[in-house]
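Q: Quick one: the structure is below, questions incoming.
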Amino acid sequence: MPSTPSAPTTPNTPVTPTVPATVTSNGKTYQLAWSDEFDTPGLPNSTKWAYDTERNKLGWYNSEQQYYASGRIQNSSVADGLLTITAIRERLSGISDYGNQAFSSARLFTKEKYSFTYGFVEVRAKLPCSLGTWPAIWMLGAGPGVWPDFGEIDIMEQGGVNAADKQTVLFTFHMRDHYGTGINQRITLADACKAFHRYQLTWSVDKVQLGVDDAVYNTWPRPIGYTNSNWPFDKPQYLLLNVAMGGTLGGNPVPAGFISDSMQVDYVRVYQ
């Protein structure tokens with residue numbers, strides 16, 4: 001993809017606890033519909049988040065190497081106004097659905113708890129710096145079907161194959177007509193793993209836009225004569241937050257010196 005200018009930075013600090021009731025994007029005002037400010041210490045709020053563990057025993061897609069733990073404070077915890085998702089080099093052989101993975105982590109989602117169609121999403125996060133980590137903030141279609149027929153929106157992904165990956169973020173749309181790599185844009189974000197940034201989605205009837213810190217870097221307009229194969233984005237989707245290890249974007253093998261690293265999330269907000 002063509003290169004684009006580096007996105008602006010934001011301070012490496014939590015933000016004010018005041019949550020804006022409205023935001024404006026593309027000239028339209030949206031009202032706050034759902035959020036998690038991560039202000040209650042302990043495990044993530046179980047009324048808002050569940051754990052995706054479905055493929056633990058069989059192994060996860062894309063040659064990923066992690067076991068996703070459920071309700072394990074070492075892998076997903078809330079403290080000081082932040083959600084921390086931590087990947088750790090360890091083998092959890094005593095757990096019934098363990099699939100012989102060399103790493104533990106967590107994959108949180110709002111499936112069957114919260115889904116929505118259209119709106120503005122903002123997630124303020126700081127990404128892990130370690131090679132081998134593959135953090136993601138993303139969405140999947142909530143309806144029946146198989147991937148990618150129900151659509152996938154990657155609000156943010158970051159690879160971990162080399163040092164340049166940790167200064168880069170990707171914004172991607174997946175659908176049947178763009179199977180595999182999808183429609184993606186890659187930008188330089190030099191301090192992505194050292195500072196918090198606001199990863200954003202604006203989703204309307206006629207287009208989907210992705211970007212960071214109020215700059216848009218990837219837009220997919222609804223095609224003329226659209227079908228589900230090129231526009232699955234007219235149905236509800238749910239949110240996901242995770243840190244994968246290795247695999248297509250994380251890189252195999254994971255460096256031998258990796259011990260642990262985390263993605264920190266200050267808040268997740270959905271406006272409609």
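Ordering of the structure tokens sets the chain letters (A, B, ...); residue numbers start at 1 within each chain; ligands are numbered from 1 in the order shown.
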Could you pull the residues within 12 Å of stretch 72-80 of chain A, counting only C-alpha atoms, minus those fewer than 4 positions along the same chain, as JSON, numbers by chain?
A: {"A": [13, 14, 15, 17, 36, 37, 38, 39, 40, 41, 42, 43, 44, 45, 46, 49, 50, 51, 66, 67, 68, 84, 85, 86, 87, 88, 89, 90, 92, 95, 103, 104, 105, 106, 107, 108, 241, 242, 243, 244, 260, 261, 262, 263, 264, 265, 266, 267]}
Q: Please give the complete set of residues from stretch 226-264 of chain A that DSSP, run on the backbone, assigns to alpha helix (DSSP H), formatted as a count of residues only.
A: 4
Q: At a cut-off of 8 Å, using only C-alpha atoms, what residues contact stretch 231-239 of chain A? Leave out same-chain residues fewer than 5 positions from it and give the result as a PyMOL selection string.
A: chain A and resi 109-111+114-118+137-143+149-151+175+205+222-223+226
Q: Emit the selected residues as an mmCIF file, in the first residue's frame, including N, CA and C atoms.
A:
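Written file, part-v7.cif:
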```
data_model
loop_
_atom_site.group_PDB
_atom_site.id
_atom_site.type_symbol
_atom_site.label_atom_id
_atom_site.label_comp_id
_atom_site.auth_asym_id
_atom_site.auth_seq_id
_atom_site.Cartn_x
_atom_site.Cartn_y
_atom_site.Cartn_z
ATOM 1 N N PHE A 109 -14.239 -10.398 24.364
ATOM 2 C CA PHE A 109 -15.186 -9.941 23.365
ATOM 3 C C PHE A 109 -16.537 -9.649 23.995
ATOM 4 N N THR A 110 -17.375 -8.906 23.243
ATOM 5 C CA THR A 110 -18.709 -8.544 23.714
ATOM 6 C C THR A 110 -19.789 -9.397 23.047
ATOM 7 N N LYS A 111 -19.399 -10.486 22.430
ATOM 8 C CA LYS A 111 -20.347 -11.363 21.753
ATOM 9 C C LYS A 111 -21.448 -11.799 22.711
ATOM 10 N N TYR A 114 -23.052 -7.398 23.792
ATOM 11 C CA TYR A 114 -23.297 -6.110 23.159
ATOM 12 C C TYR A 114 -22.835 -6.163 21.709
ATOM 13 N N SER A 115 -23.722 -5.797 20.812
ATOM 14 C CA SER A 115 -23.381 -5.621 19.408
ATOM 15 C C SER A 115 -24.157 -4.410 18.888
ATOM 16 N N PHE A 116 -23.752 -3.881 17.760
ATOM 17 C CA PHE A 116 -24.364 -2.659 17.252
ATOM 18 C C PHE A 116 -24.126 -2.546 15.755
ATOM 19 N N THR A 117 -24.901 -1.666 15.127
ATOM 20 C CA THR A 117 -24.755 -1.365 13.710
ATOM 21 C C THR A 117 -24.642 0.150 13.553
ATOM 22 N N TYR A 118 -23.558 0.601 12.957
ATOM 23 C CA TYR A 118 -23.275 2.008 12.682
ATOM 24 C C TYR A 118 -22.931 2.782 13.963
ATOM 25 N N ILE A 137 -7.446 -4.614 18.124
ATOM 26 C CA ILE A 137 -8.718 -4.018 18.547
ATOM 27 C C ILE A 137 -9.617 -4.147 17.326
ATOM 28 N N TRP A 138 -10.696 -4.934 17.405
ATOM 29 C CA TRP A 138 -11.397 -5.268 16.175
ATOM 30 C C TRP A 138 -12.842 -5.641 16.410
ATOM 31 N N MET A 139 -13.535 -6.000 15.305
ATOM 32 C CA MET A 139 -14.955 -6.314 15.360
ATOM 33 C C MET A 139 -15.272 -7.449 14.398
ATOM 34 N N LEU A 140 -16.286 -8.240 14.746
ATOM 35 C CA LEU A 140 -16.784 -9.325 13.905
ATOM 36 C C LEU A 140 -18.304 -9.262 13.837
ATOM 37 N N GLY A 141 -18.849 -9.732 12.714
ATOM 38 C CA GLY A 141 -20.291 -9.790 12.578
ATOM 39 C C GLY A 141 -20.929 -10.704 13.604
ATOM 40 N N ALA A 142 -22.040 -10.254 14.166
ATOM 41 C CA ALA A 142 -22.689 -10.991 15.253
ATOM 42 C C ALA A 142 -23.649 -12.059 14.752
ATOM 43 N N GLY A 143 -23.974 -12.037 13.472
ATOM 44 C CA GLY A 143 -24.963 -12.964 12.952
ATOM 45 C C GLY A 143 -24.385 -14.324 12.621
ATOM 46 N N ASP A 149 -17.787 -14.082 5.643
ATOM 47 C CA ASP A 149 -19.084 -13.668 5.107
ATOM 48 C C ASP A 149 -19.788 -12.654 5.997
ATOM 49 N N PHE A 150 -19.567 -12.739 7.336
ATOM 50 C CA PHE A 150 -20.228 -11.780 8.224
ATOM 51 C C PHE A 150 -19.400 -10.517 8.445
ATOM 52 N N GLY A 151 -18.230 -10.433 7.825
ATOM 53 C CA GLY A 151 -17.441 -9.201 7.870
ATOM 54 C C GLY A 151 -16.578 -9.080 9.098
ATOM 55 N N MET A 175 -13.853 -9.196 3.945
ATOM 56 C CA MET A 175 -15.149 -9.633 3.429
ATOM 57 C C MET A 175 -14.894 -10.705 2.377
ATOM 58 N N VAL A 205 -24.100 4.169 6.981
ATOM 59 C CA VAL A 205 -24.817 3.356 6.005
ATOM 60 C C VAL A 205 -24.016 3.212 4.715
ATOM 61 N N ARG A 222 -19.487 1.923 0.473
ATOM 62 C CA ARG A 222 -20.419 0.889 0.043
ATOM 63 C C ARG A 222 -20.469 0.859 -1.484
ATOM 64 N N PRO A 223 -20.182 -0.278 -2.112
ATOM 65 C CA PRO A 223 -20.180 -0.341 -3.575
ATOM 66 C C PRO A 223 -21.580 -0.141 -4.170
ATOM 67 N N TYR A 226 -24.247 -3.186 -4.251
ATOM 68 C CA TYR A 226 -23.527 -3.991 -3.262
ATOM 69 C C TYR A 226 -24.258 -5.299 -2.953
#
```
Q: Do a neighbour search on stretch 54-65 of chain A at 6 Å with only C-alpha atoms, toss out local chain neighbours closer than 4 positions, and write the hits as an mmCIF file with N, CA and C atoms, in the first residue's frame.
A:
```cif
data_model
loop_
_atom_site.group_PDB
_atom_site.id
_atom_site.type_symbol
_atom_site.label_atom_id
_atom_site.label_comp_id
_atom_site.auth_asym_id
_atom_site.auth_seq_id
_atom_site.Cartn_x
_atom_site.Cartn_y
_atom_site.Cartn_z
ATOM 1 N N ASP A 97 -8.728 -27.428 28.737
ATOM 2 C CA ASP A 97 -8.766 -27.145 27.296
ATOM 3 C C ASP A 97 -7.412 -26.692 26.762
ATOM 4 N N TYR A 98 -6.369 -26.951 27.513
ATOM 5 C CA TYR A 98 -5.011 -26.577 27.088
ATOM 6 C C TYR A 98 -4.616 -27.349 25.835
ATOM 7 N N GLY A 99 -4.057 -26.625 24.853
ATOM 8 C CA GLY A 99 -3.681 -27.230 23.582
ATOM 9 C C GLY A 99 -2.191 -27.262 23.340
ATOM 10 N N GLN A 101 0.049 -24.995 24.073
ATOM 11 C CA GLN A 101 0.633 -23.721 23.666
ATOM 12 C C GLN A 101 1.759 -23.315 24.601
ATOM 13 N N MET A 245 0.052 -14.290 19.984
ATOM 14 C CA MET A 245 1.497 -14.517 19.963
ATOM 15 C C MET A 245 1.874 -15.261 18.697
ATOM 16 N N GLY A 246 2.926 -14.780 18.039
ATOM 17 C CA GLY A 246 3.410 -15.429 16.835
ATOM 18 C C GLY A 246 2.401 -15.338 15.708
ATOM 19 N N GLY A 247 2.433 -16.325 14.825
ATOM 20 C CA GLY A 247 1.478 -16.362 13.739
ATOM 21 C C GLY A 247 1.831 -15.454 12.578
ATOM 22 N N THR A 248 0.849 -15.237 11.713
ATOM 23 C CA THR A 248 1.046 -14.507 10.473
ATOM 24 C C THR A 248 1.633 -13.127 10.692
#
```
Q: Between A:Ala163, A:Leu249, A:Ala195, A:Met156, which one has atoms that come closest to A:Thr181, using only C-alpha atoms?
A: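 Of the candidates, the smallest distance to A:Thr181 is held by A:Leu249.
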